[in-house]
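Pasted below: start18.pdb, PDB, C-alpha atoms and all ligand atoms.
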ATOM      1  CA  MET R   1     -90.115-129.025 -11.202  1.00  0.00           C
ATOM      2  CA  ALA R   2     -89.858-131.811 -13.766  1.00  0.00           C
ATOM      3  CA  HIS R   3     -86.078-132.159 -13.423  1.00  0.00           C
ATOM      4  CA  PRO R   4     -84.091-133.473 -10.451  1.00  0.00           C
ATOM      5  CA  ALA R   5     -82.222-130.584  -8.855  1.00  0.00           C
ATOM      6  CA  GLU R   6     -81.096-129.248  -5.507  1.00  0.00           C
ATOM      7  CA  VAL R   7     -81.100-125.730  -4.106  1.00  0.00           C
ATOM      8  CA  PHE R   8     -77.543-124.458  -4.489  1.00  0.00           C
ATOM      9  CA  ILE R   9     -77.806-120.808  -3.369  1.00  0.00           C
ATOM     10  CA  GLU R  10     -80.996-119.727  -1.626  1.00  0.00           C
ATOM     11  CA  GLY R  11     -82.776-116.622  -2.917  1.00  0.00           C
ATOM     12  CA  TRP R  12     -82.329-114.687   0.330  1.00  0.00           C
ATOM     13  CA  ARG R  13     -78.563-115.184   0.182  1.00  0.00           C
ATOM     14  CA  ILE R  14     -78.455-113.950  -3.416  1.00  0.00           C
ATOM     15  CA  GLU R  15     -80.556-110.940  -2.449  1.00  0.00           C
ATOM     16  CA  ARG R  16     -78.227-110.065   0.424  1.00  0.00           C
ATOM     17  CA  ARG R  17     -75.072-110.411  -1.671  1.00  0.00           C
ATOM     18  CA  VAL R  18     -76.504-108.445  -4.612  1.00  0.00           C
ATOM     19  CA  ALA R  19     -77.498-105.591  -2.272  1.00  0.00           C
ATOM     20  CA  GLU R  20     -73.976-105.578  -0.810  1.00  0.00           C
ATOM     21  CA  MET R  21     -72.355-105.447  -4.259  1.00  0.00           C
ATOM     22  CA  ALA R  22     -74.799-102.798  -5.478  1.00  0.00           C
ATOM     23  CA  ARG R  23     -73.828-100.519  -2.594  1.00  0.00           C
ATOM     24  CA  GLU R  24     -70.140-100.899  -3.368  1.00  0.00           C
ATOM     25  CA  ILE R  25     -70.580-100.475  -7.121  1.00  0.00           C
ATOM     26  CA  GLY R  26     -72.958 -97.531  -6.643  1.00  0.00           C
ATOM     27  CA  GLU R  27     -70.293 -95.788  -4.534  1.00  0.00           C
ATOM     28  CA  ARG R  28     -67.672 -96.405  -7.177  1.00  0.00           C
ATOM     29  CA  TYR R  29     -69.786 -94.775  -9.899  1.00  0.00           C
ATOM     30  CA  ARG R  30     -71.379 -91.946  -7.910  1.00  0.00           C
ATOM     31  CA  GLY R  31     -71.909 -89.046 -10.329  1.00  0.00           C
ATOM     32  CA  GLY R  32     -70.246 -90.924 -13.181  1.00  0.00           C
ATOM     33  CA  ARG R  33     -73.445 -91.884 -15.033  1.00  0.00           C
ATOM     34  CA  PRO R  34     -72.282 -95.336 -16.073  1.00  0.00           C
ATOM     35  CA  VAL R  35     -73.750 -97.367 -18.908  1.00  0.00           C
ATOM     36  CA  VAL R  36     -74.726-100.718 -17.444  1.00  0.00           C
ATOM     37  CA  ILE R  37     -74.661-103.543 -19.974  1.00  0.00           C
ATOM     38  CA  PRO R  38     -76.284-106.822 -18.923  1.00  0.00           C
ATOM     39  CA  LEU R  39     -75.154-109.693 -21.105  1.00  0.00           C
ATOM     40  CA  LEU R  40     -78.266-111.462 -22.331  1.00  0.00           C
ATOM     41  CA  ARG R  41     -79.844-113.640 -21.652  1.00  0.00           C
ATOM     42  CA  GLY R  42     -78.428-114.974 -18.395  1.00  0.00           C
ATOM     43  CA  ALA R  43     -77.735-111.658 -16.629  1.00  0.00           C
ATOM     44  CA  PHE R  44     -81.201-110.109 -16.966  1.00  0.00           C
ATOM     45  CA  VAL R  45     -82.495-110.974 -13.486  1.00  0.00           C
ATOM     46  CA  PHE R  46     -79.220-110.180 -11.696  1.00  0.00           C
ATOM     47  CA  ALA R  47     -78.898-106.867 -13.558  1.00  0.00           C
ATOM     48  CA  ALA R  48     -82.498-105.874 -12.780  1.00  0.00           C
ATOM     49  CA  ASP R  49     -81.876-106.317  -9.054  1.00  0.00           C
ATOM     50  CA  LEU R  50     -78.426-104.738  -9.217  1.00  0.00           C
ATOM     51  CA  VAL R  51     -79.335-101.505 -11.044  1.00  0.00           C
ATOM     52  CA  ARG R  52     -82.339-100.854  -8.792  1.00  0.00           C
ATOM     53  CA  ALA R  53     -80.119-101.083  -5.714  1.00  0.00           C
ATOM     54  CA  MET R  54     -77.190 -99.047  -7.065  1.00  0.00           C
ATOM     55  CA  GLY R  55     -78.719 -95.695  -6.123  1.00  0.00           C
ATOM     56  CA  THR R  56     -76.928 -93.704  -8.803  1.00  0.00           C
ATOM     57  CA  ASP R  57     -77.945 -92.271 -12.177  1.00  0.00           C
ATOM     58  CA  LEU R  58     -77.135 -94.697 -14.958  1.00  0.00           C
ATOM     59  CA  SER R  59     -78.248 -95.838 -18.366  1.00  0.00           C
ATOM     60  CA  VAL R  60     -78.741 -99.348 -19.671  1.00  0.00           C
ATOM     61  CA  GLU R  61     -77.755-100.944 -22.949  1.00  0.00           C
ATOM     62  CA  PHE R  62     -77.889-104.622 -23.866  1.00  0.00           C
ATOM     63  CA  LEU R  63     -75.501-107.083 -25.462  1.00  0.00           C
ATOM     64  CA  GLY R  64     -76.506-110.614 -26.350  1.00  0.00           C
ATOM     65  CA  ALA R  65     -74.073-113.507 -26.553  1.00  0.00           C
ATOM     66  CA  SER R  66     -74.588-117.171 -27.058  1.00  0.00           C
ATOM     67  CA  SER R  67     -71.960-119.836 -26.433  1.00  0.00           C
ATOM     68  CA  TYR R  68     -73.869-122.879 -25.364  1.00  0.00           C
ATOM     69  CA  GLY R  69     -76.194-124.655 -27.794  1.00  0.00           C
ATOM     70  CA  GLU R  70     -78.057-127.499 -26.131  1.00  0.00           C
ATOM     71  CA  SER R  71     -75.205-128.814 -24.035  1.00  0.00           C
ATOM     72  CA  THR R  72     -74.364-128.060 -20.396  1.00  0.00           C
ATOM     73  CA  SER R  73     -70.723-127.403 -21.284  1.00  0.00           C
ATOM     74  CA  SER R  74     -69.343-124.514 -23.307  1.00  0.00           C
ATOM     75  CA  SER R  75     -68.684-124.981 -27.021  1.00  0.00           C
ATOM     76  CA  GLY R  76     -66.017-122.280 -26.843  1.00  0.00           C
ATOM     77  CA  GLU R  77     -67.663-120.388 -29.687  1.00  0.00           C
ATOM     78  CA  VAL R  78     -69.161-117.000 -28.966  1.00  0.00           C
ATOM     79  CA  ARG R  79     -71.870-115.534 -31.167  1.00  0.00           C
ATOM     80  CA  LEU R  80     -73.121-111.963 -30.807  1.00  0.00           C
ATOM     81  CA  THR R  81     -76.931-112.102 -30.861  1.00  0.00           C
ATOM     82  CA  LEU R  82     -77.692-108.470 -29.954  1.00  0.00           C
ATOM     83  CA  ASP R  83     -75.620-105.301 -30.058  1.00  0.00           C
ATOM     84  CA  THR R  84     -75.808-101.983 -28.161  1.00  0.00           C
ATOM     85  CA  GLU R  85     -77.606 -99.048 -29.760  1.00  0.00           C
ATOM     86  CA  LEU R  86     -75.850 -95.971 -28.340  1.00  0.00           C
ATOM     87  CA  PRO R  87     -72.120 -95.239 -28.706  1.00  0.00           C
ATOM     88  CA  LEU R  88     -69.938 -96.312 -25.772  1.00  0.00           C
ATOM     89  CA  ALA R  89     -67.007 -93.987 -26.546  1.00  0.00           C
ATOM     90  CA  GLY R  90     -66.064 -91.911 -23.513  1.00  0.00           C
ATOM     91  CA  ARG R  91     -68.602 -93.652 -21.253  1.00  0.00           C
ATOM     92  CA  HIS R  92     -67.959 -95.576 -18.036  1.00  0.00           C
ATOM     93  CA  VAL R  93     -69.161 -99.079 -18.858  1.00  0.00           C
ATOM     94  CA  LEU R  94     -70.232-101.676 -16.315  1.00  0.00           C
ATOM     95  CA  LEU R  95     -70.613-105.098 -17.904  1.00  0.00           C
ATOM     96  CA  VAL R  96     -72.945-107.438 -15.990  1.00  0.00           C
ATOM     97  CA  GLU R  97     -72.620-111.195 -16.454  1.00  0.00           C
ATOM     98  CA  ASP R  98     -74.351-114.126 -14.750  1.00  0.00           C
ATOM     99  CA  ILE R  99     -71.462-116.595 -14.642  1.00  0.00           C
ATOM    100  CA  VAL R 100     -67.842-116.965 -15.783  1.00  0.00           C
ATOM    101  CA  ASP R 101     -66.878-120.480 -16.686  1.00  0.00           C
ATOM    102  CA  THR R 102     -64.049-120.874 -19.238  1.00  0.00           C
ATOM    103  CA  GLY R 103     -63.898-117.078 -19.572  1.00  0.00           C
ATOM    104  CA  LEU R 104     -64.228-117.231 -23.366  1.00  0.00           C
ATOM    105  CA  THR R 105     -67.516-115.316 -23.518  1.00  0.00           C
ATOM    106  CA  LEU R 106     -66.359-112.553 -21.193  1.00  0.00           C
ATOM    107  CA  ALA R 107     -62.976-112.223 -22.932  1.00  0.00           C
ATOM    108  CA  TYR R 108     -64.709-111.837 -26.293  1.00  0.00           C
ATOM    109  CA  ILE R 109     -67.232-109.281 -25.027  1.00  0.00           C
ATOM    110  CA  GLN R 110     -64.651-107.273 -23.069  1.00  0.00           C
ATOM    111  CA  LYS R 111     -62.479-107.041 -26.177  1.00  0.00           C
ATOM    112  CA  LEU R 112     -65.472-105.894 -28.222  1.00  0.00           C
ATOM    113  CA  ILE R 113     -66.397-103.162 -25.714  1.00  0.00           C
ATOM    114  CA  SER R 114     -62.774-102.027 -25.325  1.00  0.00           C
ATOM    115  CA  SER R 115     -62.525-101.567 -29.088  1.00  0.00           C
ATOM    116  CA  ARG R 116     -65.258 -98.903 -28.777  1.00  0.00           C
ATOM    117  CA  SER R 117     -63.092 -96.628 -26.587  1.00  0.00           C
ATOM    118  CA  PRO R 118     -65.083 -96.419 -23.324  1.00  0.00           C
ATOM    119  CA  ALA R 119     -63.698 -94.127 -20.580  1.00  0.00           C
ATOM    120  CA  SER R 120     -63.503 -97.228 -18.367  1.00  0.00           C
ATOM    121  CA  LEU R 121     -64.690-100.825 -18.352  1.00  0.00           C
ATOM    122  CA  SER R 122     -65.498-102.816 -15.214  1.00  0.00           C
ATOM    123  CA  THR R 123     -67.170-106.189 -14.954  1.00  0.00           C
ATOM    124  CA  VAL R 124     -69.433-107.658 -12.310  1.00  0.00           C
ATOM    125  CA  VAL R 125     -70.291-111.353 -12.325  1.00  0.00           C
ATOM    126  CA  LEU R 126     -72.680-113.103 -10.004  1.00  0.00           C
ATOM    127  CA  LEU R 127     -71.005-116.517 -10.126  1.00  0.00           C
ATOM    128  CA  ASP R 128     -67.453-117.603 -10.856  1.00  0.00           C
ATOM    129  CA  LYS R 129     -66.395-121.187 -11.624  1.00  0.00           C
ATOM    130  CA  LYS R 130     -62.690-120.371 -11.250  1.00  0.00           C
ATOM    131  CA  ALA R 131     -61.457-123.932 -11.670  1.00  0.00           C
ATOM    132  CA  ARG R 132     -62.742-124.074 -15.263  1.00  0.00           C
ATOM    133  CA  ARG R 133     -60.964-120.990 -16.591  1.00  0.00           C
ATOM    134  CA  LYS R 134     -59.289-121.338 -20.023  1.00  0.00           C
ATOM    135  CA  VAL R 135     -58.473-117.665 -20.601  1.00  0.00           C
ATOM    136  CA  GLU R 136     -57.593-114.898 -18.133  1.00  0.00           C
ATOM    137  CA  VAL R 137     -60.365-112.350 -17.676  1.00  0.00           C
ATOM    138  CA  ASP R 138     -60.556-109.209 -15.595  1.00  0.00           C
ATOM    139  CA  VAL R 139     -63.475-109.405 -13.152  1.00  0.00           C
ATOM    140  CA  THR R 140     -63.932-106.386 -10.886  1.00  0.00           C
ATOM    141  CA  TRP R 141     -66.685-107.709  -8.592  1.00  0.00           C
ATOM    142  CA  THR R 142     -67.765-111.304  -7.945  1.00  0.00           C
ATOM    143  CA  GLY R 143     -70.870-112.448  -6.084  1.00  0.00           C
ATOM    144  CA  PHE R 144     -69.993-116.057  -5.310  1.00  0.00           C
ATOM    145  CA  GLU R 145     -67.168-118.398  -6.250  1.00  0.00           C
ATOM    146  CA  ILE R 146     -68.625-121.823  -6.952  1.00  0.00           C
ATOM    147  CA  PRO R 147     -67.299-125.293  -7.791  1.00  0.00           C
ATOM    148  CA  ASP R 148     -67.741-126.942 -11.191  1.00  0.00           C
ATOM    149  CA  ARG R 149     -71.477-127.647 -11.096  1.00  0.00           C
ATOM    150  CA  PHE R 150     -74.133-126.870 -13.693  1.00  0.00           C
ATOM    151  CA  VAL R 151     -76.355-124.273 -12.052  1.00  0.00           C
ATOM    152  CA  PHE R 152     -79.556-122.526 -13.128  1.00  0.00           C
ATOM    153  CA  GLY R 153     -82.330-120.228 -11.938  1.00  0.00           C
ATOM    154  CA  TYR R 154     -82.153-116.502 -11.096  1.00  0.00           C
ATOM    155  CA  GLY R 155     -81.784-115.756 -14.809  1.00  0.00           C
ATOM    156  CA  LEU R 156     -79.486-118.667 -15.639  1.00  0.00           C
ATOM    157  CA  ASP R 157     -80.583-121.145 -18.251  1.00  0.00           C
ATOM    158  CA  GLY R 158     -81.706-124.561 -17.026  1.00  0.00           C
ATOM    159  CA  PRO R 159     -82.589-127.946 -18.514  1.00  0.00           C
ATOM    160  CA  ASP R 160     -84.822-127.661 -21.628  1.00  0.00           C
ATOM    161  CA  GLY R 161     -84.415-123.873 -21.563  1.00  0.00           C
ATOM    162  CA  LEU R 162     -86.520-123.654 -18.394  1.00  0.00           C
ATOM    163  CA  TYR R 163     -86.219-122.173 -14.891  1.00  0.00           C
ATOM    164  CA  ARG R 164     -84.669-118.746 -15.489  1.00  0.00           C
ATOM    165  CA  ASN R 165     -87.544-117.419 -13.365  1.00  0.00           C
ATOM    166  CA  LEU R 166     -86.592-119.227 -10.141  1.00  0.00           C
ATOM    167  CA  ARG R 167     -85.578-117.134  -7.119  1.00  0.00           C
ATOM    168  CA  ASP R 168     -83.036-119.700  -5.946  1.00  0.00           C
ATOM    169  CA  ILE R 169     -80.015-120.911  -7.857  1.00  0.00           C
ATOM    170  CA  MET R 170     -80.337-124.651  -8.356  1.00  0.00           C
ATOM    171  CA  ALA R 171     -77.768-127.306  -9.314  1.00  0.00           C
ATOM    172  CA  LEU R 172     -78.157-130.459 -11.360  1.00  0.00           C
ATOM    173  CA  PRO R 173     -77.155-133.646  -9.563  1.00  0.00           C
ATOM    174  CA  GLU R 174     -73.437-134.165 -10.288  1.00  0.00           C
ATOM    175  CA  GLU R 175     -73.999-137.408 -12.208  1.00  0.00           C
ATOM    176  CA  MET R 176     -76.157-135.514 -14.735  1.00  0.00           C
ATOM    177  CA  GLN R 177     -73.405-133.134 -15.840  1.00  0.00           C
ATOM    178  CA  ASP R 178     -72.302-134.136 -19.324  1.00  0.00           C
ATOM    179  CA  ARG R 179     -68.708-133.029 -19.124  1.00  0.00           C
TER     180      ARG R 179
HETATM  181  P1  LIG R 201     -67.786-119.258 -20.644  1.00  0.00           P
HETATM  182  O1  LIG R 201     -67.656-118.597 -21.965  1.00  0.00           O
HETATM  183  O2  LIG R 201     -67.320-120.692 -20.687  1.00  0.00           O
HETATM  184  O3  LIG R 201     -67.147-118.499 -19.509  1.00  0.00           O
HETATM  185  O4  LIG R 201     -69.320-119.411 -20.362  1.00  0.00           O
HETATM  186  C1  LIG R 201     -70.063-118.369 -19.922  1.00  0.00           C
HETATM  187  C2  LIG R 201     -71.488-118.501 -20.389  1.00  0.00           C
HETATM  188  O5  LIG R 201     -71.950-119.843 -20.351  1.00  0.00           O
HETATM  189  C3  LIG R 201     -72.337-117.718 -19.433  1.00  0.00           C
HETATM  190  O6  LIG R 201     -72.711-116.521 -20.050  1.00  0.00           O
HETATM  191  C4  LIG R 201     -73.527-118.588 -19.185  1.00  0.00           C
HETATM  192  O7  LIG R 201     -74.587-118.137 -19.953  1.00  0.00           O
HETATM  193  C5  LIG R 201     -73.134-119.972 -19.632  1.00  0.00           C
HETATM  194  N1  LIG R 201     -72.905-120.871 -18.480  1.00  0.00           N
HETATM  195  C6  LIG R 201     -71.719-121.292 -17.970  1.00  0.00           C
HETATM  196  N2  LIG R 201     -71.903-122.119 -16.932  1.00  0.00           N
HETATM  197  C7  LIG R 201     -73.238-122.210 -16.767  1.00  0.00           C
HETATM  198  C8  LIG R 201     -74.066-122.911 -15.822  1.00  0.00           C
HETATM  199  O8  LIG R 201     -73.631-123.629 -14.897  1.00  0.00           O
HETATM  200  N3  LIG R 201     -75.412-122.748 -15.987  1.00  0.00           N
HETATM  201  C9  LIG R 201     -75.971-121.977 -16.960  1.00  0.00           C
HETATM  202  N4  LIG R 201     -75.227-121.302 -17.847  1.00  0.00           N
HETATM  203  C10 LIG R 201     -73.877-121.431 -17.763  1.00  0.00           C
END
So that I can check it, write out the structure of this file as structure tokens.
Ligand code: IMP
Amino acid sequence: MAHPAEVFIEGWRIERRVAEMAREIGERYRGGRPVVIPLLRGAFVFAADLVRAMGTDLSVEFLGASSYGESTSSSGEVRLTLDTELPLAGRHVLLVEDIVDTGLTLAYIQKLISSRSPASLSTVVLLDKKARRKVEVDVTWTGFEIPDRFVFGYGLDGPDGLYRNLRDIMALPEEMQDR
């Protein structure tokens, strides 16, 4: 790897936690045929592991949101880059997100989905940087609570747009965070 970084959460720990959450979430939706919506791009790896371990019939739609630009800290602006194709009215929706930071992205997306009259809306996030929250958001399941570090890998965007394909979650050295 061309950038200095340390392993923050090892792949085997992520795998174990995702399997645990998938069991719980699968139970919750048994027979309910949820629509699982990974928020692109960051949630694509997490969602792929999660849906395959849920053990229940489900469908998948995608939403794309962008809030970051080139910086490692949120701009606070959310832009919809991809929308769902099938109607969500009357469906049980499970929104899948990689990380909640300020909460602005999730708040925006939850409001958008709610406006489409789903039967229910739950949210699962892999990582939660609680200390950075600017707006309250409803998160139903959380993988790991983490401190304020810039992390990447396992689907999350890294320096120069690289490293989403890593099995581990890495962290930049603290002195390289630009906030
Ligand atoms: P929020 O709107 O501030 O909660 O930011 C959430 C979005 O920012 C997530 O969807 C991530 O894509 C991105 N994000 C926040 N923190 C990190 C990080 O440490 N690494 C990579 N992406 C991050």
All residues having an atom within 8 Å of ligand LIG 201 (chain R) (only C-alpha atoms and all ligand atoms) as a short mmCIF file (atom, residue, chain, number, x, y, z; two decimals) with C-alpha atoms, in the coordinates of the input:
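Everything below was put into selection-v3.cif:
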data_model
loop_
_atom_site.label_atom_id
_atom_site.label_comp_id
_atom_site.auth_asym_id
_atom_site.auth_seq_id
_atom_site.Cartn_x
_atom_site.Cartn_y
_atom_site.Cartn_z
CA LEU R 39 -75.15 -109.69 -21.10
CA LEU R 40 -78.27 -111.46 -22.33
CA ARG R 41 -79.84 -113.64 -21.65
CA GLY R 42 -78.43 -114.97 -18.40
CA ALA R 43 -77.74 -111.66 -16.63
CA ALA R 65 -74.07 -113.51 -26.55
CA SER R 66 -74.59 -117.17 -27.06
CA SER R 67 -71.96 -119.84 -26.43
CA TYR R 68 -73.87 -122.88 -25.36
CA THR R 72 -74.36 -128.06 -20.40
CA SER R 73 -70.72 -127.40 -21.28
CA SER R 74 -69.34 -124.51 -23.31
CA SER R 75 -68.68 -124.98 -27.02
CA GLY R 76 -66.02 -122.28 -26.84
CA GLU R 77 -67.66 -120.39 -29.69
CA VAL R 78 -69.16 -117.00 -28.97
CA GLU R 97 -72.62 -111.20 -16.45
CA ASP R 98 -74.35 -114.13 -14.75
CA ILE R 99 -71.46 -116.60 -14.64
CA VAL R 100 -67.84 -116.96 -15.78
CA ASP R 101 -66.88 -120.48 -16.69
CA THR R 102 -64.05 -120.87 -19.24
CA GLY R 103 -63.90 -117.08 -19.57
CA LEU R 104 -64.23 -117.23 -23.37
CA THR R 105 -67.52 -115.32 -23.52
CA LEU R 106 -66.36 -112.55 -21.19
CA ALA R 107 -62.98 -112.22 -22.93
CA LYS R 129 -66.40 -121.19 -11.62
CA ARG R 132 -62.74 -124.07 -15.26
CA ARG R 133 -60.96 -120.99 -16.59
CA ASP R 148 -67.74 -126.94 -11.19
CA ARG R 149 -71.48 -127.65 -11.10
CA PHE R 150 -74.13 -126.87 -13.69
CA VAL R 151 -76.36 -124.27 -12.05
CA PHE R 152 -79.56 -122.53 -13.13
CA LEU R 156 -79.49 -118.67 -15.64
CA ASP R 157 -80.58 -121.14 -18.25
CA GLY R 158 -81.71 -124.56 -17.03
CA ALA R 171 -77.77 -127.31 -9.31
#
Convert the output of the PyMOL selection byres (((chain R and resi 86) around 10) and not hetatm) on the shown file into explicit residues, formatted as a PyMOL selection string. chain R and resi 35+60-62+83-85+87-89
With distances taken over all atoms listed in the file, which of R:Ala47, R:Ile37, R:Val124, R:Ile25 is nearest to Arg91 (chain R)?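 Going through R:Ala47, R:Ile37, R:Val124, R:Ile25 one by one, the smallest distance to Arg91 (chain R) is for R:Ile37.
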Å distance separating CA of His3 (chain R) from CA of Leu50 (chain R), one decimal place: 28.8 Å
So how many Å separate CA of Pro118 (chain R) and CA of Ser59 (chain R), to one decimal?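 So the answer is 14.1 Å.
Between Leu166 (chain R) and the candidates R:Pro34, R:Pro4, R:Gly11, R:Gly143, the tightest atom-to-atom separation, counting all atoms listed in the file, involves R:Gly11.
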